[in-house]
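All remarks here apply to the structure that follows.
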Amino acid sequence: MTQKELHKKLGDTLWDIANDLRGVMNADDFRDYMLSFLFLRYLSFNYEEAAKKELGKDYPPSRSKDSRFDYTVPPPLEDWYKDNKGDIAEFEDSMRKKVHYVINPKYLWSNITHLASRQNDLLLQTLREGFRHIEDESFGTTFKGLFSEINLNSEKLGKTEKERNDKLCKIIRKIAEGIADFSTDTDTLGDAYEYLIGKFAAGSGKKAGEFYTPQQISTILSRIVLLDSHDPRQGYKDKLTKVLDFACGSGSLILNVRTQLKKETKGIGTIGKIYGQEKNITTYNLARMNMLLHGMKDSKFKIFHGDTLLNQWGEFNQMNPSKKIRFDAIVANPPFSLRWEPNDTLAEDFRFKGYGLAPKSAADFAFLLHGFHFLGSEGQLAEDGTMAIILPHGVVFRGGAEARIREKLLNENYIDTVIGLPSNLFYSTGIPVCILILKKCKKQEDILFINASEQFEKGKRQNTLSEKHIDNIVETYKFRYERERYSRRVSMDEIKKNDFNLNISRYVSTSEEEIKIDLKEVNKKLTSINENIKSNTDKHNEFLKELGLPPI
């Protein structure tokens with residue numbers, strides 16, 4: 001079984017557990033419990049493995065005969081803490097330097113599962129204390145509020161404290177049993193987490209758009225921003241300084257950039273730091289967990305909770321150009337056509353000044369201009385980097401303020417490529433969407449249009465893109481190929497003649513030309529056919545006459 005198949009199998013196992021146990025709780029609510037417990041499992045195992053290396057022969061032997069973690073016994077590290085109270089501070093200081101966090105043995109997953117296996121009435125209270133411990137002490141103050149949306153007092157778990165405790169015991173036992181037979185490496189658990197997010201998204205309908213971008217679309221964006229921004233034909237970069245997703249949801253899209261970088265560079269590629277911003281508090285917490293679950297040190301990423309349109313992240317609010325934070329790769333899937341309230345202050349905002357404000361009815365261009373402002377490489381005079389953003393198809397042709405913003409971006413030669421995707425790819429909407437690729441270092445004077453709207457695999461509920469479909473889009477972008485009924489490079493003169501309308505079908509139509517019909521030729525053929533019919537009918541009647549039969 002391949003690694004991918006193993007990861008899917010673990011994801012399916014956990015998904016079956018979720019469906020079996022959530023009872024009256026809706027999928028969105030149960031998602032937060034399930035993913036939080038997976039996160040605790042990851043942190044705990046990672047911590048205990050690091051503790052074994054740190055303590056060496058002083059690490060106490062397991063109380064289980066099984067060499068694997070046995071969830072029916074308490075953590076061995078608890079014994080060391082009891083016997084070495086004077087050394088705890090030094091040990092934890094060393095652990096903070098090596099794994100960047102500490103966890104009191106009482107709150108490790110192995111102890112939580114031990115309590116669950118015994119149906120211990122202390123489980124619920126231990127979980128409450130454990131979540132607070134991780135938020136307030138494990139990482140210092142870095143992960144305040146990480147479990148703020150996990151309601152351990154919810155009546156959906158049970159009406160009484162005992163009922164809630166018993167339900168949690170059952171959930172945790174089942175998760176522990178489900179995980180027991182699988183590898184505990186970061187990739188396996190991280191991919192299972194991603195898989196579950198996708199499964200929960202599939203059942204969330206419109207809400208899914210708040211936290212999840214389908215992996216096949218993430219892969220297109222990721223591979224595009226990883227290609228050399230000056231000349232994509234040169235191939236993939238092996239290093240990115242800073243990467244941003246300013247509407248990051250659960251972090252799936254920006255983590256895909258990291259995944260694709262490793263894949264395309266055979267593991268040698270590096271990202272200096274990942275930045276993400278998210279307004280929804282629950283989704284923000286999912287993103288922070290997702291980063292850590294994928295083995296990222298807390299020093300290698302920053303996720304900020306705040307409103308992107310209001311630019312509430314102080315690090316981004318630098319008026320001094322020399323201090324402006326810059327990113328050499330930006331990916332985003334912001335909320336489609338979000339209503340917002342632009343005011344006079346925003347009209348003078350450095351992100352929008354010179355372009356104008358997006359209309360109240362749709363903030364699509366406000367999101368685009370926010371990200372585009374921060375595109376570039378720090379410490380370089382020449383602008384660098386690529387931005388790939390998913391937007392509703394209306395941004396390429398709507399009039400008014402959006403037309404004026406579009407015209408200015410085109411006149412400044414910042415829009416590089418427009419990619420039209422098939423409809424019904426997202427869980428949250430069935431509308432067709434497009435990907436806009438923008439650069440400040442663009443050399444070509446034309447715009448590449450890729451009409452991939454007809455290239456997909458039909459599904460019962462969702463359409464999907466195969467690896468071949470993804471490769472076609474990326475390769476066409478990379479080499480700026482022109483293909484009949486699929487892609488075309490369009491001059492600025494032609495775009496100006498069309499009033500800066502970027503409607504993809506205007507430039508690349510997927511319809512086949514109708515065959516021209518010569519009516520005179522058709523009439524000639526019909527006349528010939530009728531003459532043949534008459535001639536053969538006359539011959540047939542002659543034979544019938546000889547046989548003494550009536551003619552037809």
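Chain labels A, B, ... are given in the sequence in which chains occur in the structure tokens; within each chain residues are numbered consecutively from 1, and ligands are likewise numbered from 1 in the order shown.
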Among stretch 291-406 of chain A, which ones does DSSP assign to alpha helix (DSSP H) (computed from the backbone)? Answer as an MDAnalysis selection string. chainID A and resid 291:293 344:347 364:373 401:406
Please list as a VMD selection string every residue within 12 Å of stretch 228-239 of chain A, counting only C-alpha atoms and excluding residues in the same chain fewer than 2 positions away. chain A and resid 222 to 226 241 to 243 257 to 258 260 to 273 328 to 330 375 to 377 382 to 388 416 437 to 444 474 to 481
Could those residues be written to a file, using C-alpha atoms, as a tab-separated table (two decimals), in the first residue's frame?
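In the end it all went to out-v7.tsv:
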chain	number	residue	atom	x	y	z
A	222	SER	CA	0.92	26.44	-5.68
A	223	ARG	CA	2.76	25.19	-8.73
A	224	ILE	CA	2.24	28.48	-10.55
A	225	VAL	CA	3.67	30.70	-7.79
A	226	LEU	CA	6.64	28.34	-7.41
A	241	THR	CA	11.62	33.97	1.42
A	242	LYS	CA	8.05	34.73	2.49
A	243	VAL	CA	4.72	33.28	1.36
A	257	VAL	CA	2.66	25.58	-1.54
A	258	ARG	CA	5.09	23.95	0.89
A	260	GLN	CA	4.47	21.23	-3.91
A	261	LEU	CA	7.84	22.91	-3.29
A	262	LYS	CA	9.13	19.74	-1.64
A	263	LYS	CA	7.71	17.62	-4.46
A	264	GLU	CA	9.08	19.70	-7.34
A	265	THR	CA	12.54	20.13	-5.76
A	266	LYS	CA	12.78	16.55	-4.45
A	267	GLY	CA	12.78	17.74	-0.86
A	268	ILE	CA	15.50	20.39	-1.03
A	269	GLY	CA	13.26	23.45	-1.43
A	270	THR	CA	12.78	25.79	1.53
A	271	ILE	CA	10.38	28.52	2.61
A	272	GLY	CA	11.71	31.14	4.98
A	273	LYS	CA	8.37	31.90	6.62
A	328	ASP	CA	7.72	36.55	-3.25
A	329	ALA	CA	4.68	34.26	-3.48
A	330	ILE	CA	1.04	35.04	-2.67
A	375	LEU	CA	4.01	41.36	-3.68
A	376	GLY	CA	7.77	41.62	-4.20
A	377	SER	CA	11.13	40.54	-2.81
A	382	ALA	CA	13.67	44.91	-8.91
A	383	GLU	CA	10.14	43.75	-8.17
A	384	ASP	CA	9.77	40.00	-8.01
A	385	GLY	CA	7.22	37.35	-7.17
A	386	THR	CA	3.92	35.91	-8.38
A	387	MET	CA	0.41	36.23	-7.01
A	388	ALA	CA	-2.32	33.70	-7.86
A	416	ASP	CA	-0.18	38.11	-16.61
A	437	ILE	CA	-2.05	35.62	-12.10
A	438	LEU	CA	-0.40	38.97	-11.37
A	439	LYS	CA	3.24	40.10	-11.43
A	440	LYS	CA	5.13	43.34	-11.00
A	441	CYS	CA	8.06	41.95	-13.00
A	442	LYS	CA	6.05	40.90	-16.06
A	443	LYS	CA	7.93	41.14	-19.37
A	444	GLN	CA	5.39	40.00	-21.98
A	474	VAL	CA	0.39	24.55	-15.45
A	475	GLU	CA	2.35	23.58	-18.58
A	476	THR	CA	0.30	25.97	-20.73
A	477	TYR	CA	1.04	28.77	-18.26
A	478	LYS	CA	4.71	27.82	-17.98
A	479	PHE	CA	5.42	27.91	-21.73
A	480	ARG	CA	2.62	30.28	-22.72
A	481	TYR	CA	1.39	27.73	-25.21
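For the residues A:Phe350, A:Tyr59, A:Phe301, A:Tyr212, ranking by smallest atom-to-atom distance to A:Asn317 using only C-alpha atoms places A:Phe350 first.
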Quote the spacing between atom CA of A:Ser491 and atom CA of A:Pro432 in Å to one decimal place. 24.8 Å
Strand (DSSP E or B) per DSSP on the backbone: members of stretch 192-387 of chain A, as JSON, numbers by chain: {"A": [227, 236, 239, 240, 241, 242, 243, 244, 245, 270, 271, 272, 273, 274, 275, 276, 277, 278, 301, 302, 303, 304, 305, 327, 329, 330, 331, 332, 375, 386, 387]}
Can those selected residues be exported to a file as a PDB file, in the first residue's frame so that it contains N, CA and C atoms?
ATOM      1  N   LEU A 227       6.926  28.651  -9.811  1.00  0.00           N
ATOM      2  CA  LEU A 227       7.723  28.813 -11.026  1.00  0.00           C
ATOM      3  C   LEU A 227       8.437  30.160 -11.019  1.00  0.00           C
ATOM      4  N   TYR A 236      11.104  25.530 -11.509  1.00  0.00           N
ATOM      5  CA  TYR A 236      10.677  25.858 -10.151  1.00  0.00           C
ATOM      6  C   TYR A 236      11.807  26.439  -9.306  1.00  0.00           C
ATOM      7  N   LYS A 239      13.771  28.074  -3.429  1.00  0.00           N
ATOM      8  CA  LYS A 239      13.705  28.830  -2.173  1.00  0.00           C
ATOM      9  C   LYS A 239      12.720  29.982  -2.309  1.00  0.00           C
ATOM     10  N   LEU A 240      11.878  30.128  -1.301  1.00  0.00           N
ATOM     11  CA  LEU A 240      10.989  31.283  -1.177  1.00  0.00           C
ATOM     12  C   LEU A 240      11.277  31.943   0.162  1.00  0.00           C
ATOM     13  N   THR A 241      11.322  33.258   0.167  1.00  0.00           N
ATOM     14  CA  THR A 241      11.616  33.971   1.415  1.00  0.00           C
ATOM     15  C   THR A 241      10.374  34.052   2.297  1.00  0.00           C
ATOM     16  N   LYS A 242       9.298  34.585   1.743  1.00  0.00           N
ATOM     17  CA  LYS A 242       8.047  34.730   2.491  1.00  0.00           C
ATOM     18  C   LYS A 242       6.875  34.402   1.568  1.00  0.00           C
ATOM     19  N   VAL A 243       5.925  33.651   2.113  1.00  0.00           N
ATOM     20  CA  VAL A 243       4.724  33.277   1.358  1.00  0.00           C
ATOM     21  C   VAL A 243       3.507  33.726   2.154  1.00  0.00           C
ATOM     22  N   LEU A 244       2.498  34.269   1.452  1.00  0.00           N
ATOM     23  CA  LEU A 244       1.317  34.814   2.126  1.00  0.00           C
ATOM     24  C   LEU A 244       0.028  34.248   1.549  1.00  0.00           C
ATOM     25  N   ASP A 245      -0.906  33.944   2.459  1.00  0.00           N
ATOM     26  CA  ASP A 245      -2.312  33.734   2.096  1.00  0.00           C
ATOM     27  C   ASP A 245      -3.113  34.621   3.032  1.00  0.00           C
ATOM     28  N   THR A 270      13.060  25.219   0.202  1.00  0.00           N
ATOM     29  CA  THR A 270      12.781  25.790   1.529  1.00  0.00           C
ATOM     30  C   THR A 270      11.932  27.048   1.423  1.00  0.00           C
ATOM     31  N   ILE A 271      11.146  27.282   2.466  1.00  0.00           N
ATOM     32  CA  ILE A 271      10.380  28.524   2.611  1.00  0.00           C
ATOM     33  C   ILE A 271      10.833  29.182   3.904  1.00  0.00           C
ATOM     34  N   GLY A 272      11.240  30.438   3.792  1.00  0.00           N
ATOM     35  CA  GLY A 272      11.709  31.144   4.983  1.00  0.00           C
ATOM     36  C   GLY A 272      10.635  31.240   6.049  1.00  0.00           C
ATOM     37  N   LYS A 273       9.451  31.754   5.658  1.00  0.00           N
ATOM     38  CA  LYS A 273       8.371  31.905   6.623  1.00  0.00           C
ATOM     39  C   LYS A 273       7.030  31.963   5.893  1.00  0.00           C
ATOM     40  N   ILE A 274       6.039  31.357   6.514  1.00  0.00           N
ATOM     41  CA  ILE A 274       4.677  31.356   5.993  1.00  0.00           C
ATOM     42  C   ILE A 274       3.827  32.332   6.803  1.00  0.00           C
ATOM     43  N   TYR A 275       3.038  33.155   6.112  1.00  0.00           N
ATOM     44  CA  TYR A 275       2.140  34.102   6.758  1.00  0.00           C
ATOM     45  C   TYR A 275       0.702  33.819   6.307  1.00  0.00           C
ATOM     46  N   GLY A 276      -0.206  33.851   7.253  1.00  0.00           N
ATOM     47  CA  GLY A 276      -1.614  33.674   6.924  1.00  0.00           C
ATOM     48  C   GLY A 276      -2.469  34.604   7.769  1.00  0.00           C
ATOM     49  N   GLN A 277      -3.586  35.044   7.219  1.00  0.00           N
ATOM     50  CA  GLN A 277      -4.522  35.881   7.963  1.00  0.00           C
ATOM     51  C   GLN A 277      -5.920  35.311   7.801  1.00  0.00           C
ATOM     52  N   GLU A 278      -6.681  35.312   8.889  1.00  0.00           N
ATOM     53  CA  GLU A 278      -8.025  34.743   8.858  1.00  0.00           C
ATOM     54  C   GLU A 278      -8.924  35.483   9.842  1.00  0.00           C
ATOM     55  N   PHE A 301       6.122  30.173  11.052  1.00  0.00           N
ATOM     56  CA  PHE A 301       4.862  30.669  10.497  1.00  0.00           C
ATOM     57  C   PHE A 301       4.234  31.696  11.422  1.00  0.00           C
ATOM     58  N   LYS A 302       3.413  32.542  10.836  1.00  0.00           N
ATOM     59  CA  LYS A 302       2.621  33.510  11.591  1.00  0.00           C
ATOM     60  C   LYS A 302       1.207  33.484  11.031  1.00  0.00           C
ATOM     61  N   ILE A 303       0.248  33.198  11.890  1.00  0.00           N
ATOM     62  CA  ILE A 303      -1.153  33.264  11.487  1.00  0.00           C
ATOM     63  C   ILE A 303      -1.804  34.349  12.339  1.00  0.00           C
ATOM     64  N   PHE A 304      -2.444  35.309  11.692  1.00  0.00           N
ATOM     65  CA  PHE A 304      -3.027  36.450  12.402  1.00  0.00           C
ATOM     66  C   PHE A 304      -4.544  36.405  12.312  1.00  0.00           C
ATOM     67  N   HIS A 305      -5.182  36.690  13.439  1.00  0.00           N
ATOM     68  CA  HIS A 305      -6.646  36.747  13.474  1.00  0.00           C
ATOM     69  C   HIS A 305      -7.079  38.199  13.308  1.00  0.00           C
ATOM     70  N   PHE A 327       6.339  39.828  -0.124  1.00  0.00           N
ATOM     71  CA  PHE A 327       6.232  38.383  -0.286  1.00  0.00           C
ATOM     72  C   PHE A 327       6.554  37.999  -1.727  1.00  0.00           C
ATOM     73  N   ALA A 329       5.768  35.118  -2.987  1.00  0.00           N
ATOM     74  CA  ALA A 329       4.680  34.261  -3.483  1.00  0.00           C
ATOM     75  C   ALA A 329       3.430  34.550  -2.657  1.00  0.00           C
ATOM     76  N   ILE A 330       2.325  34.791  -3.345  1.00  0.00           N
ATOM     77  CA  ILE A 330       1.042  35.044  -2.670  1.00  0.00           C
ATOM     78  C   ILE A 330      -0.024  34.173  -3.329  1.00  0.00           C
ATOM     79  N   VAL A 331      -0.758  33.444  -2.495  1.00  0.00           N
ATOM     80  CA  VAL A 331      -1.896  32.646  -2.975  1.00  0.00           C
ATOM     81  C   VAL A 331      -3.111  33.032  -2.139  1.00  0.00           C
ATOM     82  N   ALA A 332      -4.290  32.953  -2.736  1.00  0.00           N
ATOM     83  CA  ALA A 332      -5.487  33.328  -1.970  1.00  0.00           C
ATOM     84  C   ALA A 332      -6.753  32.814  -2.621  1.00  0.00           C
ATOM     85  N   LEU A 375       3.258  42.289  -2.829  1.00  0.00           N
ATOM     86  CA  LEU A 375       4.009  41.363  -3.676  1.00  0.00           C
ATOM     87  C   LEU A 375       5.373  41.951  -4.020  1.00  0.00           C
ATOM     88  N   THR A 386       5.151  36.235  -7.648  1.00  0.00           N
ATOM     89  CA  THR A 386       3.922  35.910  -8.376  1.00  0.00           C
ATOM     90  C   THR A 386       2.769  35.804  -7.398  1.00  0.00           C
ATOM     91  N   MET A 387       1.629  36.334  -7.801  1.00  0.00           N
ATOM     92  CA  MET A 387       0.407  36.230  -7.009  1.00  0.00           C
ATOM     93  C   MET A 387      -0.644  35.488  -7.827  1.00  0.00           C
TER      94      MET A 387
END
Exercise: A:Asn26 partners within 12 Å, only C-alpha atoms, chain neighbours under 5 positions left out, as a PyMOL selection string: chain A and resi 18-19+21+31-33+156-157+200+203-204
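Closest approach to A:Leu10 from the set A:Arg96, A:Ile103, A:His114, A:Glu177 is made by A:Glu177, with distances taken over only C-alpha atoms.
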Kindly indicate which residue among A:Ile517, A:Met34, A:Ile325, A:Leu502 lies nearest to A:Leu168, using only C-alpha atoms for the distances.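 Closest residue, counting only C-alpha atoms: A:Met34.
Among the candidate residues A:Leu35, A:Ile175, A:Cys169, A:Leu255, the one lying nearest to A:Thr282 is A:Leu35, with distances computed using only C-alpha atoms.
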What lies within 9 Å of A:Arg406 using only C-alpha atoms, ignoring chain neighbours under 2 positions off, as a JSON list (two decimals) with N, CA and C atoms, in the first residue's frame?
[["chain", "number", "residue", "atom", "x", "y", "z"],
["A", 355, "TYR", "N", -5.96, 53.25, -7.48],
["A", 355, "TYR", "CA", -6.80, 52.26, -8.17],
["A", 355, "TYR", "C", -8.29, 52.50, -7.91],
["A", 365, "PHE", "N", -12.00, 42.85, -5.73],
["A", 365, "PHE", "CA", -10.81, 43.62, -6.12],
["A", 365, "PHE", "C", -10.12, 44.25, -4.90],
["A", 395, "VAL", "N", -15.32, 39.20, -12.06],
["A", 395, "VAL", "CA", -14.27, 40.24, -11.97],
["A", 395, "VAL", "C", -13.63, 40.52, -13.31],
["A", 396, "VAL", "N", -13.75, 39.62, -14.27],
["A", 396, "VAL", "CA", -13.07, 39.85, -15.56],
["A", 396, "VAL", "C", -13.90, 40.69, -16.51],
["A", 397, "PHE", "N", -15.20, 40.89, -16.20],
["A", 397, "PHE", "CA", -16.02, 41.65, -17.14],
["A", 397, "PHE", "C", -16.96, 42.68, -16.52],
["A", 401, "ALA", "N", -16.68, 50.53, -10.99],
["A", 401, "ALA", "CA", -15.41, 50.66, -10.28],
["A", 401, "ALA", "C", -14.47, 49.50, -10.61],
["A", 402, "GLU", "N", -15.05, 48.32, -10.77],
["A", 402, "GLU", "CA", -14.21, 47.15, -11.07],
["A", 402, "GLU", "C", -13.57, 47.28, -12.45],
["A", 403, "ALA", "N", -14.29, 47.84, -13.41],
["A", 403, "ALA", "CA", -13.72, 48.05, -14.75],
["A", 403, "ALA", "C", -12.55, 49.03, -14.69],
["A", 404, "ARG", "N", -12.68, 50.06, -13.84],
["A", 404, "ARG", "CA", -11.60, 51.06, -13.73],
["A", 404, "ARG", "C", -10.34, 50.45, -13.10],
["A", 408, "LYS", "N", -6.64, 49.86, -15.05],
["A", 408, "LYS", "CA", -5.36, 50.38, -14.56],
["A", 408, "LYS", "C", -4.34, 49.25, -14.40],
["A", 409, "LEU", "N", -4.77, 48.13, -13.87],
["A", 409, "LEU", "CA", -3.86, 46.98, -13.72],
["A", 409, "LEU", "C", -3.35, 46.51, -15.08],
["A", 410, "LEU", "N", -4.22, 46.55, -16.08],
["A", 410, "LEU", "CA", -3.83, 46.13, -17.43],
["A", 410, "LEU", "C", -2.87, 47.14, -18.06],
["A", 411, "ASN", "N", -3.17, 48.41, -17.92],
["A", 411, "ASN", "CA", -2.30, 49.44, -18.50],
["A", 411, "ASN", "C", -0.91, 49.42, -17.87],
["A", 415, "ILE", "N", -1.31, 42.29, -15.04],
["A", 415, "ILE", "CA", -2.08, 41.04, -15.17],
["A", 415, "ILE", "C", -1.39, 40.15, -16.21],
["A", 500, "PHE", "N", -11.18, 46.68, -22.29],
["A", 500, "PHE", "CA", -10.51, 46.05, -21.16],
["A", 500, "PHE", "C", -11.37, 44.95, -20.52],
["A", 501, "ASN", "N", -12.28, 44.42, -21.30],
["A", 501, "ASN", "CA", -13.10, 43.29, -20.85],
["A", 501, "ASN", "C", -12.25, 42.02, -21.00],
["A", 502, "LEU", "N", -12.12, 41.25, -19.93],
["A", 502, "LEU", "CA", -11.28, 40.04, -19.95],
["A", 502, "LEU", "C", -12.10, 38.76, -19.95]]
From the options A:Leu123, A:Leu115, A:Leu152, A:Leu43, which residue's atoms come nearest to A:Phe30, counting only C-alpha atoms?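 Counting only C-alpha atoms, the residue closest to A:Phe30 is A:Leu152.
The shortest atom-to-atom distance to A:Ile389, with only C-alpha atoms taken into account, belongs to A:Pro334 out of A:Gly459, A:Pro334, A:Gly356, A:Gly548.
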List the neighbours of A:Met289 out to 12 Å using only C-alpha atoms; skip same-chain residues closer than 2 positions along the sequence, and give me the result as a compact mmCIF listing (two decimals) with N, CA and C atoms, in the first residue's frame.
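And here's around_18.txt as it stands now:
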# COMPACT_ATOMS: atom_id res chain seq x y z
N ASP A 32 -14.59 20.18 15.14
CA ASP A 32 -13.67 20.88 16.03
C ASP A 32 -13.16 19.98 17.15
N LEU A 35 -10.72 17.23 15.34
CA LEU A 35 -9.44 17.77 14.91
C LEU A 35 -8.60 18.24 16.10
N SER A 36 -9.24 18.71 17.15
CA SER A 36 -8.50 19.13 18.35
C SER A 36 -7.84 17.93 19.03
N PHE A 37 -8.55 16.80 19.07
CA PHE A 37 -7.98 15.61 19.68
C PHE A 37 -6.82 15.06 18.84
N LEU A 38 -6.97 15.13 17.52
CA LEU A 38 -5.86 14.72 16.65
C LEU A 38 -4.64 15.61 16.89
N PHE A 39 -4.91 16.90 17.07
CA PHE A 39 -3.83 17.85 17.32
C PHE A 39 -3.13 17.53 18.64
N LEU A 40 -3.91 17.26 19.68
CA LEU A 40 -3.32 16.90 20.97
C LEU A 40 -2.50 15.63 20.84
N ARG A 41 -3.00 14.69 20.07
CA ARG A 41 -2.27 13.42 19.83
C ARG A 41 -0.92 13.70 19.18
N TYR A 42 -0.92 14.58 18.20
CA TYR A 42 0.34 14.91 17.51
C TYR A 42 1.33 15.59 18.46
N LEU A 43 0.88 16.63 19.15
CA LEU A 43 1.76 17.36 20.06
C LEU A 43 2.36 16.43 21.10
N ILE A 134 -2.06 24.15 27.37
CA ILE A 134 -1.44 24.29 26.05
C ILE A 134 -1.56 25.73 25.55
N GLU A 135 -2.73 26.34 25.76
CA GLU A 135 -2.94 27.73 25.32
C GLU A 135 -2.04 28.71 26.06
N PHE A 143 0.05 30.85 21.43
CA PHE A 143 -1.17 30.18 20.98
C PHE A 143 -2.35 30.40 21.92
N GLY A 145 -5.89 31.18 23.12
CA GLY A 145 -7.21 30.97 22.54
C GLY A 145 -7.29 29.85 21.52
N LEU A 146 -6.29 28.98 21.48
CA LEU A 146 -6.26 27.94 20.45
C LEU A 146 -7.48 27.03 20.49
N PHE A 147 -7.98 26.76 21.68
CA PHE A 147 -9.15 25.87 21.83
C PHE A 147 -10.40 26.65 22.24
N LEU A 189 -0.16 11.90 10.01
CA LEU A 189 -1.19 12.55 10.81
C LEU A 189 -1.60 13.89 10.18
N GLY A 190 -0.62 14.61 9.62
CA GLY A 190 -0.94 15.87 8.96
C GLY A 190 -1.84 15.67 7.76
N TYR A 193 -5.31 14.80 8.85
CA TYR A 193 -5.99 16.02 9.29
C TYR A 193 -6.55 16.77 8.08
N GLU A 194 -5.71 16.90 7.02
CA GLU A 194 -6.15 17.55 5.79
C GLU A 194 -7.31 16.80 5.15
N ILE A 197 -10.47 17.48 7.06
CA ILE A 197 -10.97 18.83 6.79
C ILE A 197 -11.76 18.81 5.47
N GLY A 249 -8.16 30.62 5.71
CA GLY A 249 -9.04 29.52 6.13
C GLY A 249 -8.30 28.57 7.06
N SER A 250 -8.36 27.28 6.78
CA SER A 250 -7.71 26.27 7.63
C SER A 250 -6.23 26.12 7.31
N GLY A 251 -5.72 26.90 6.37
CA GLY A 251 -4.29 26.85 6.03
C GLY A 251 -3.95 25.82 4.96
N SER A 252 -4.96 25.15 4.42
CA SER A 252 -4.71 24.07 3.45
C SER A 252 -4.00 24.57 2.19
N LEU A 255 -0.29 25.59 2.89
CA LEU A 255 0.51 24.39 3.15
C LEU A 255 0.77 23.61 1.88
N THR A 282 -12.81 30.36 14.59
CA THR A 282 -12.72 28.90 14.57
C THR A 282 -11.75 28.44 13.49
N THR A 283 -11.88 29.03 12.33
CA THR A 283 -11.02 28.66 11.20
C THR A 283 -9.57 29.07 11.46
N TYR A 284 -9.40 30.21 12.11
CA TYR A 284 -8.07 30.69 12.50
C TYR A 284 -7.38 29.66 13.39
N ASN A 285 -8.12 29.10 14.34
CA ASN A 285 -7.54 28.08 15.21
C ASN A 285 -7.22 26.80 14.46
N LEU A 286 -8.09 26.43 13.51
CA LEU A 286 -7.81 25.27 12.66
C LEU A 286 -6.49 25.45 11.92
N ALA A 287 -6.27 26.65 11.41
CA ALA A 287 -5.05 26.93 10.64
C ALA A 287 -3.81 26.79 11.51
N MET A 291 -0.79 24.00 10.84
CA MET A 291 0.63 24.28 10.64
C MET A 291 1.49 23.37 11.50
N LEU A 292 1.16 23.29 12.78
CA LEU A 292 1.95 22.47 13.70
C LEU A 292 1.84 20.99 13.35
N LEU A 293 0.63 20.56 12.96
CA LEU A 293 0.43 19.15 12.61
C LEU A 293 1.26 18.75 11.39
N HIS A 294 1.63 19.71 10.57
CA HIS A 294 2.46 19.40 9.41
C HIS A 294 3.94 19.60 9.71
N GLY A 295 4.26 19.60 11.00
CA GLY A 295 5.66 19.62 11.41
C GLY A 295 6.34 20.96 11.32
N MET A 296 5.56 22.04 11.22
CA MET A 296 6.16 23.36 11.14
C MET A 296 6.43 23.92 12.54
N LYS A 297 7.64 24.37 12.77
CA LYS A 297 7.97 25.03 14.03
C LYS A 297 7.20 26.35 14.11
N ASP A 298 6.83 26.73 15.33
CA ASP A 298 6.05 27.97 15.49
C ASP A 298 6.83 29.20 15.04
N PHE A 301 6.12 30.17 11.05
CA PHE A 301 4.86 30.67 10.50
C PHE A 301 4.23 31.70 11.42
N LYS A 302 3.41 32.54 10.84
CA LYS A 302 2.62 33.51 11.59
C LYS A 302 1.21 33.48 11.03
N ILE A 303 0.25 33.20 11.89
CA ILE A 303 -1.15 33.26 11.49
C ILE A 303 -1.80 34.35 12.34
Counting only C-alpha atoms, what is within 10 Å of stretch 80-82 of chain A, bar same-chain residues fewer than 4 positions away, as a PyMOL selection string? chain A and resi 55+58-61+75-76+86-88+91+104-106
Residues from the last selection, C-alpha atoms, saved as a PDB file, in the first residue's frame:
ATOM      1  CA  LEU A  55      16.670  12.033  28.734  1.00  0.00           C
ATOM      2  CA  ASP A  58      17.085   8.224  32.239  1.00  0.00           C
ATOM      3  CA  TYR A  59      13.773   8.021  30.412  1.00  0.00           C
ATOM      4  CA  PRO A  60      11.594   5.627  32.444  1.00  0.00           C
ATOM      5  CA  PRO A  61      10.572   2.321  30.834  1.00  0.00           C
ATOM      6  CA  PRO A  75       2.736   8.189  30.091  1.00  0.00           C
ATOM      7  CA  PRO A  76       6.150   6.982  31.344  1.00  0.00           C
ATOM      8  CA  GLY A  86      14.375  19.526  40.911  1.00  0.00           C
ATOM      9  CA  ASP A  87      15.345  18.924  37.283  1.00  0.00           C
ATOM     10  CA  ILE A  88      11.996  19.737  35.648  1.00  0.00           C
ATOM     11  CA  PHE A  91      14.474  19.794  31.250  1.00  0.00           C
ATOM     12  CA  ASN A 104       2.863  18.572  31.510  1.00  0.00           C
ATOM     13  CA  PRO A 105       2.642  14.714  31.465  1.00  0.00           C
ATOM     14  CA  LYS A 106      -0.795  14.941  33.074  1.00  0.00           C
TER      15      LYS A 106
END
